[in-house]
$ cat coords_27.cif   # mmCIF, C-alpha atoms
data_run
loop_
_atom_site.label_atom_id
_atom_site.label_comp_id
_atom_site.auth_asym_id
_atom_site.auth_seq_id
_atom_site.Cartn_x
_atom_site.Cartn_y
_atom_site.Cartn_z
CA MET A 26 6.16 -21.38 13.70
CA SER A 27 2.37 -21.66 13.98
CA ARG A 28 0.21 -22.67 11.03
CA GLY A 29 -1.65 -19.33 11.15
CA ARG A 30 1.60 -17.36 11.09
CA LEU A 31 2.90 -19.44 8.19
CA SER A 32 -0.27 -18.87 6.19
CA LYS A 33 0.07 -15.11 6.71
CA ILE A 34 3.61 -15.19 5.35
CA PHE A 35 2.58 -17.15 2.26
CA LEU A 36 -0.33 -14.80 1.62
CA ALA A 37 1.83 -11.73 2.09
CA CYS A 38 4.38 -13.13 -0.39
CA GLY A 39 1.60 -13.78 -2.87
CA LEU A 40 0.19 -10.29 -2.41
CA PHE A 41 3.59 -8.76 -3.05
CA LEU A 42 3.58 -10.27 -6.54
CA PHE A 43 0.53 -8.30 -7.60
CA GLY A 44 -0.14 -5.64 -5.03
CA ALA A 45 2.91 -4.26 -3.27
CA ASN A 46 4.32 -2.37 -6.24
CA ALA A 47 1.86 0.19 -7.52
CA ASN A 48 2.99 0.01 -11.15
CA ALA A 49 3.94 -3.65 -11.30
CA GLN A 50 2.24 -5.91 -13.81
CA LEU A 51 1.51 -9.57 -13.28
CA SER A 52 4.16 -11.79 -14.81
CA GLU A 53 3.36 -14.07 -17.73
CA THR A 54 3.76 -17.06 -15.47
CA ALA A 55 1.20 -15.82 -12.92
CA PRO A 56 -1.71 -18.18 -12.27
CA ASN A 57 -4.73 -17.53 -14.50
CA GLU A 58 -6.93 -16.86 -11.47
CA LEU A 59 -4.83 -13.77 -10.66
CA GLU A 60 -5.28 -12.24 -14.08
CA GLY A 61 -6.78 -8.78 -13.79
CA VAL A 62 -6.33 -8.71 -10.01
CA GLY A 63 -4.11 -6.19 -8.26
CA VAL A 64 -3.63 -2.57 -7.26
CA ASP A 65 -2.84 0.45 -9.40
CA GLU A 66 -2.11 3.31 -7.02
CA LYS A 67 -3.96 6.54 -7.73
CA LEU A 68 -2.40 8.83 -5.15
CA GLY A 69 -3.99 12.25 -4.97
CA ASN A 70 -7.22 11.22 -6.70
CA THR A 71 -10.50 12.09 -5.02
CA LEU A 72 -12.97 9.31 -4.27
CA PRO A 73 -16.34 9.45 -6.06
CA LEU A 74 -18.06 10.92 -3.03
CA ASP A 75 -21.47 11.01 -4.71
CA LEU A 76 -21.83 7.19 -4.53
CA ASP A 77 -24.73 5.78 -2.51
CA PHE A 78 -24.33 2.87 -0.09
CA THR A 79 -26.16 1.33 2.85
CA THR A 80 -24.72 1.14 6.35
CA SER A 81 -24.79 -2.00 8.47
CA GLU A 82 -27.64 -0.31 10.37
CA GLY A 83 -29.70 -0.12 7.19
CA GLN A 84 -29.34 3.62 6.59
CA SER A 85 -28.70 5.08 3.14
CA VAL A 86 -25.58 7.27 2.94
CA ARG A 87 -23.36 8.93 0.42
CA LEU A 88 -19.62 8.63 0.76
CA LYS A 89 -19.34 12.38 1.21
CA ASP A 90 -21.44 12.08 4.38
CA LEU A 91 -18.64 10.05 5.98
CA PHE A 92 -15.88 12.60 5.35
CA ASP A 93 -16.02 15.57 7.72
CA GLY A 94 -13.09 17.58 6.35
CA LYS A 95 -11.20 17.17 9.63
CA THR A 96 -10.64 13.45 10.19
CA PRO A 97 -8.53 11.09 8.03
CA VAL A 98 -10.18 7.85 6.92
CA LEU A 99 -9.00 4.27 6.44
CA LEU A 100 -10.73 2.55 3.53
CA THR A 101 -10.83 -1.21 2.99
CA LEU A 102 -12.65 -3.31 0.41
CA ASN A 103 -13.59 -6.73 1.75
CA TYR A 104 -16.61 -8.98 2.10
CA SER A 105 -17.90 -10.94 5.06
CA ASN A 106 -18.06 -14.38 3.46
CA CYS A 107 -14.47 -14.27 2.26
CA PRO A 108 -13.01 -17.65 3.29
CA LYS A 109 -9.58 -16.40 4.31
CA LEU A 110 -7.91 -13.23 3.05
CA CYS A 111 -10.43 -10.63 4.25
CA HIS A 112 -10.37 -12.10 7.75
CA LEU A 113 -6.58 -12.08 7.81
CA GLN A 114 -6.48 -8.48 6.62
CA LEU A 115 -9.08 -7.19 9.09
CA ASN A 116 -7.53 -9.22 11.91
CA GLY A 117 -4.14 -7.70 11.17
CA LEU A 118 -5.58 -4.21 10.83
CA PHE A 119 -7.41 -4.37 14.15
CA GLU A 120 -4.35 -5.81 15.86
CA GLY A 121 -2.50 -2.71 14.71
CA LEU A 122 -5.35 -0.46 15.82
CA GLU A 123 -5.36 -2.07 19.27
CA SER A 124 -1.71 -1.10 19.69
CA LEU A 125 -2.45 2.46 18.59
CA ASP A 126 -3.25 4.96 21.36
CA TRP A 127 -5.56 6.83 18.98
CA THR A 128 -9.07 5.40 18.99
CA LEU A 129 -11.16 4.60 15.94
CA GLY A 130 -13.97 7.14 15.97
CA GLY A 131 -11.77 9.75 17.63
CA LYS A 132 -8.82 11.00 15.60
CA PHE A 133 -9.70 8.89 12.55
CA ARG A 134 -12.52 6.95 10.91
CA MET A 135 -12.73 3.75 8.91
CA ILE A 136 -14.93 2.70 6.00
CA THR A 137 -15.24 -0.90 4.83
CA VAL A 138 -17.13 -1.48 1.59
CA SER A 139 -18.24 -5.01 0.77
CA ILE A 140 -17.22 -6.00 -2.76
CA ASN A 141 -20.01 -8.60 -2.73
CA PRO A 142 -23.19 -6.92 -4.03
CA GLU A 143 -25.20 -9.80 -2.55
CA GLU A 144 -24.04 -9.11 1.02
CA THR A 145 -26.90 -8.13 3.33
CA THR A 146 -26.89 -5.44 5.99
CA ASP A 147 -27.43 -8.13 8.63
CA ARG A 148 -24.30 -9.98 7.54
CA ALA A 149 -22.30 -6.75 7.47
CA ALA A 150 -23.59 -5.86 10.94
CA ALA A 151 -22.53 -9.27 12.29
CA THR A 152 -19.00 -8.79 10.94
CA LYS A 153 -18.81 -5.32 12.44
CA ARG A 154 -19.98 -6.57 15.85
CA HIS A 155 -17.38 -9.35 15.77
CA TYR A 156 -14.42 -7.00 15.33
CA LEU A 157 -15.71 -4.29 17.65
CA ALA A 158 -16.18 -6.86 20.42
CA ALA A 159 -12.50 -7.73 20.13
CA TYR A 160 -11.44 -4.08 19.81
CA GLN A 161 -13.24 -3.17 23.06
CA ARG A 162 -13.46 0.59 22.55
CA PRO A 163 -17.12 1.65 22.63
CA GLU A 164 -16.61 4.90 20.70
CA ALA A 165 -15.40 2.89 17.69
CA ASP A 166 -19.00 1.97 16.84
CA ARG A 167 -19.62 5.48 15.51
CA GLY A 168 -16.27 5.62 13.73
CA TRP A 169 -16.41 2.47 11.58
CA PHE A 170 -18.88 2.26 8.70
CA PHE A 171 -19.43 -1.15 7.10
CA LEU A 172 -21.20 -0.48 3.81
CA THR A 173 -23.02 -2.60 1.28
CA GLY A 174 -24.25 -1.44 -2.10
CA LYS A 175 -25.04 -2.01 -5.74
CA GLU A 176 -22.43 -3.65 -7.93
CA GLU A 177 -22.10 -0.60 -10.19
CA ASN A 178 -21.28 1.65 -7.21
CA ILE A 179 -18.87 -0.89 -5.73
CA LYS A 180 -17.06 -1.22 -9.06
CA ARG A 181 -16.89 2.53 -9.52
CA LEU A 182 -15.36 3.01 -6.09
CA ALA A 183 -12.92 0.12 -6.58
CA ASN A 184 -11.80 1.43 -9.98
CA SER A 185 -11.33 4.94 -8.58
CA VAL A 186 -8.76 3.66 -6.06
CA GLY A 187 -7.16 1.16 -8.45
CA PHE A 188 -8.45 -1.89 -6.60
CA TYR A 189 -8.98 -4.65 -9.17
CA TYR A 190 -10.74 -7.89 -8.31
CA ARG A 191 -12.97 -10.45 -9.97
CA TYR A 192 -15.50 -13.11 -9.14
CA ASP A 193 -14.58 -16.75 -9.70
CA PRO A 194 -17.74 -18.76 -10.54
CA ALA A 195 -15.94 -22.07 -9.99
CA THR A 196 -15.18 -21.35 -6.34
CA LYS A 197 -17.94 -18.74 -5.85
CA GLN A 198 -15.38 -16.43 -4.32
CA PHE A 199 -13.97 -12.99 -5.06
CA ILE A 200 -10.28 -12.92 -5.89
CA HIS A 201 -8.80 -9.67 -4.68
CA PRO A 202 -5.71 -8.04 -3.14
CA ALA A 203 -5.34 -7.03 0.50
CA VAL A 204 -4.74 -3.31 0.91
CA THR A 205 -5.81 -0.53 3.23
CA ILE A 206 -6.19 2.85 1.57
CA VAL A 207 -5.54 5.94 3.68
CA CYS A 208 -7.60 8.99 2.70
CA THR A 209 -7.45 12.64 3.63
CA PRO A 210 -10.35 14.25 5.52
CA GLU A 211 -11.57 15.59 2.16
CA GLY A 212 -11.61 12.15 0.51
CA LYS A 213 -8.34 12.21 -1.45
CA ILE A 214 -6.13 9.12 -1.63
CA SER A 215 -3.03 9.69 0.49
CA ARG A 216 -1.35 6.30 0.97
CA TYR A 217 -1.70 2.54 0.34
CA LEU A 218 -0.77 0.05 3.07
CA TYR A 219 -0.46 -3.52 1.83
CA GLY A 220 -0.72 -6.98 3.28
CA VAL A 221 -2.27 -8.63 6.30
CA GLU A 222 -0.10 -7.13 9.03
CA TYR A 223 -0.25 -3.46 9.98
CA PRO A 224 2.24 -2.21 12.58
CA ALA A 225 0.76 0.56 14.70
CA GLN A 226 3.55 2.95 13.73
CA ASN A 227 2.75 2.55 10.02
CA ILE A 228 -0.91 3.30 10.67
CA ARG A 229 -0.06 6.28 12.85
CA LEU A 230 2.36 7.80 10.34
CA ALA A 231 -0.04 7.25 7.44
CA LEU A 232 -2.90 8.93 9.31
CA LEU A 233 -0.64 11.77 10.39
CA GLU A 234 0.48 12.22 6.79
CA ALA A 235 -3.11 12.14 5.50
CA SER A 236 -4.16 14.79 8.02
CA GLU A 237 -1.16 16.96 7.06
CA GLY A 238 -0.04 17.01 10.67
CA LYS A 239 -3.36 18.29 12.01
CA ILE A 240 -3.70 15.35 14.40
CA GLY A 241 -1.12 13.99 16.82
CA THR A 242 1.53 15.67 18.91
CA THR A 243 4.67 17.63 18.06
CA THR A 244 6.62 14.41 18.59
CA ASP A 245 4.44 12.69 15.98
CA ARG A 246 5.20 15.42 13.47
CA ILE A 247 8.93 15.05 14.14
CA LEU A 248 8.60 11.29 13.62
CA LEU A 249 6.81 11.87 10.32
CA PHE A 250 9.69 14.09 9.24
CA CYS A 251 12.23 11.40 10.13
CA PHE A 252 10.36 8.58 8.39
CA HIS A 253 9.45 8.23 4.74
CA TYR A 254 7.23 5.76 2.91
CA ASP A 255 9.08 3.05 1.00
CA PRO A 256 6.79 1.83 -1.81
CA THR A 257 8.95 -1.22 -2.48
CA ARG A 258 8.35 -2.41 1.07
CA GLY A 259 4.92 -0.91 1.56
CA THR A 260 6.00 0.52 4.91
CA TYR A 261 7.59 3.55 6.56
CA THR A 262 11.34 3.47 7.03
CA LEU A 263 13.76 5.72 8.87
CA ALA A 264 15.26 8.31 6.54
CA ALA A 265 18.97 8.64 7.37
CA TYR A 266 19.33 12.07 5.74
CA ARG A 267 16.35 13.46 7.61
CA LEU A 268 17.64 11.96 10.83
CA MET A 269 20.94 13.74 10.24
CA GLN A 270 19.04 16.98 9.68
CA VAL A 271 17.16 16.59 12.94
CA GLY A 272 20.36 15.61 14.76
CA GLY A 273 22.14 18.66 13.34
CA ALA A 274 19.32 20.96 14.38
CA LEU A 275 19.31 19.51 17.90
CA THR A 276 23.09 19.93 18.11
CA VAL A 277 22.81 23.58 17.11
CA CYS A 278 20.05 24.13 19.69
CA VAL A 279 22.04 22.46 22.49
CA LEU A 280 25.24 24.33 21.56
CA GLY A 281 23.31 27.59 21.42
CA ALA A 282 21.84 26.96 24.87
CA VAL A 283 25.27 26.17 26.34
CA LEU A 284 26.79 29.32 24.82
CA ALA A 285 23.88 31.43 26.05
CA VAL A 286 24.35 30.19 29.63
CA TRP A 287 28.11 30.77 29.42
CA TRP A 288 27.60 34.29 28.03
CA TRP A 289 25.05 35.12 30.76
CA ARG A 290 27.39 33.91 33.50
CA GLU A 291 30.34 35.87 32.08
CA LYS A 292 28.26 39.02 31.84
CA THR A 293 27.02 38.61 35.42
CA HIS A 294 30.55 38.00 36.70
CA ARG A 295 31.95 41.08 34.93
CA HIS A 296 29.11 43.22 36.21
CA ALA A 297 29.82 42.12 39.79
CA GLU A 298 33.53 42.93 39.44
CA ASP A 299 32.89 46.36 37.93
CA SER A 300 30.29 47.42 40.52
CA PRO A 301 31.42 50.19 43.04
CA PRO A 302 31.57 49.33 46.74
CA GLU A 303 28.36 51.27 47.38
CA ALA A 304 26.53 48.80 45.16
CA HIS A 305 27.18 46.12 47.73
CA GLY A 306 24.94 47.91 50.26
CA GLU A 307 25.25 47.58 54.01
CA ASP A 308 28.08 45.04 53.89
CA ALA A 309 30.29 47.49 52.01
CA THR A 310 29.54 50.29 54.54
CA LEU A 311 30.40 48.06 57.49
CA SER A 312 33.68 47.11 55.84
CA VAL A 313 34.68 50.78 55.46
CA ASP A 314 33.71 51.61 59.08
CA LYS A 315 35.79 48.72 60.30
CA ARG A 316 38.88 49.94 58.45
CA LEU A 317 38.44 53.50 59.87
CA GLY A 318 38.14 52.12 63.38
CA GLU A 319 41.37 50.21 63.02
CA GLN A 320 43.16 53.43 62.07
#
$ encode --input "coords_27.cif" --output "structure tokens"
Amino acid sequence: MSRGRLSKIFLACGLFLFGANANAQLSETAPNELEGVGVDEKLGNTLPLDLDFTTSEGQSVRLKDLFDGKTPVLLTLNYSNCPKLCHLQLNGLFEGLESLDWTLGGKFRMITVSINPEETTDRAAATKRHYLAAYQRPEADRGWFFLTGKEENIKRLANSVGFYYRYDPATKQFIHPAVTIVCTPEGKISRYLYGVEYPAQNIRLALLEASEGKIGTTTDRILLFCFHYDPTRGTYTLAAYRLMQVGGALTVCVLGAVLAVWWWREKTHRHAEDSPPEAHGEDATLSVDKRLGEQ
């Protein structure tokens, strides 16, 4: 196993202790540096869309300007100078996005807000360029917004989604969880995806759920029906009962189709048997003439 893979596993295990369960509290034996750090899920809450931030291009925006009422949004809270965790999270997220046939900037958007109030627009722009170069989908540039802002606005946004972090003066780093928050097109919190690895199917189902089925195909909507979100695992799992429901419906449809074909064939056969000779046209007339000639 590679060193990078092993570090991801250790980080994911650590995150589970304080982030994977929405209502879990840190144990008394947790390290002091993790005190006050974690996630408290606030599903259904609306983001404070009146908050002002600055894009990596230096433009002032309000959060509400980035929600169009049609497109679901992925929200992450990171910072560019994070020594490890933010890079692992964004790497994992973009790996999942690369495997997704939907393109960032098309069927969904993404907002990253730096939790470091000292981060400059130039630094945010450099981080954005780095990931977009690896993503290699030009339209993504208009679909991902890397924002910087004042500490009071960052804190207000973080508190509104239950994202709790703190600054450690000793290491000059921010201690924080790794979570991607999926929002509806109107800015309501729909789902939390935890960790540093994001399978494409989890992202797809979360976005489909956030859009209330308004994006994706009929097959996607069927998949969403068959899968449900497991908060203990932080992922979507196959729901056996729903699968049985779908299987039962398909069985009824197939049986109905078979019976319909059988009924149609029986009706056609009976109609042919009951038809008078004249209904068979010229062939029937020739048959009668032949019998008369033989007499």
$ closest_residue --input "coords_27.cif" --among "A:Glu66, A:Thr128, A:Phe199, A:Val186" --to "Ser105 of chain A" --atoms "all atoms listed in the file"
A:Phe199
$ closest_residue --input "coords_27.cif" --among "A:Asp65, A:Asp77, A:Glu164, A:Glu177" --to "Arg134 of chain A" --atoms "all atoms listed in the file"
A:Glu164
$ atom_distance --input "coords_27.cif" --atom1 "atom CA of Leu74 of chain A" --atom2 "atom CA of Leu88 of chain A"
4.7 Å
$ residues_around --input "coords_27.cif" --residues "Val207 of chain A" --least-positions-apart "4" --cutoff "12 Å" --atoms "all atoms listed in the file" --output "ChimeraX atom specification"
/A:66-72,96-101,133-137,186,211-219,227-236
$ atom_distance --input "coords_27.cif" --atom1 "atom CA of Ile200 of chain A" --atom2 "atom CA of Arg154 of chain A"
24.6 Å
$ resolve_selection --input "coords_27.cif" --expression "the PyMOL selection byres ((chain A and resi 145-152) around 10)" --output "PyMOL selection string"
chain A and resi 79-84+104-106+112+137-139+141-144+153-157+170-174
$ atom_distance --input "coords_27.cif" --atom1 "atom CA of Gly117 of chain A" --atom2 "atom CA of Val221 of chain A"
5.3 Å
$ residues_near_point --input "coords_27.cif" --point "(-7.7, -9.1, -16.3)" --cutoff "9 Å" --atoms "only C-alpha atoms" --output "ChimeraX atom specification"
/A:59-62,189-191
$ closest_residue --input "coords_27.cif" --among "A:Lys89, A:Asp126, A:Arg162, A:Gln198" --to "Pro108 of chain A" --atoms "only C-alpha atoms"
A:Gln198
$ axis_aligned_box --input "coords_27.cif" --around "segment 200-215 of chain A" --padding-each-side "4 Å" --output "lines of an AutoDock Vina configuration file"
center_x = -7.3
center_y = 1.3
center_z = -0.2
size_x = 16.6
size_y = 36.5
size_z = 19.4
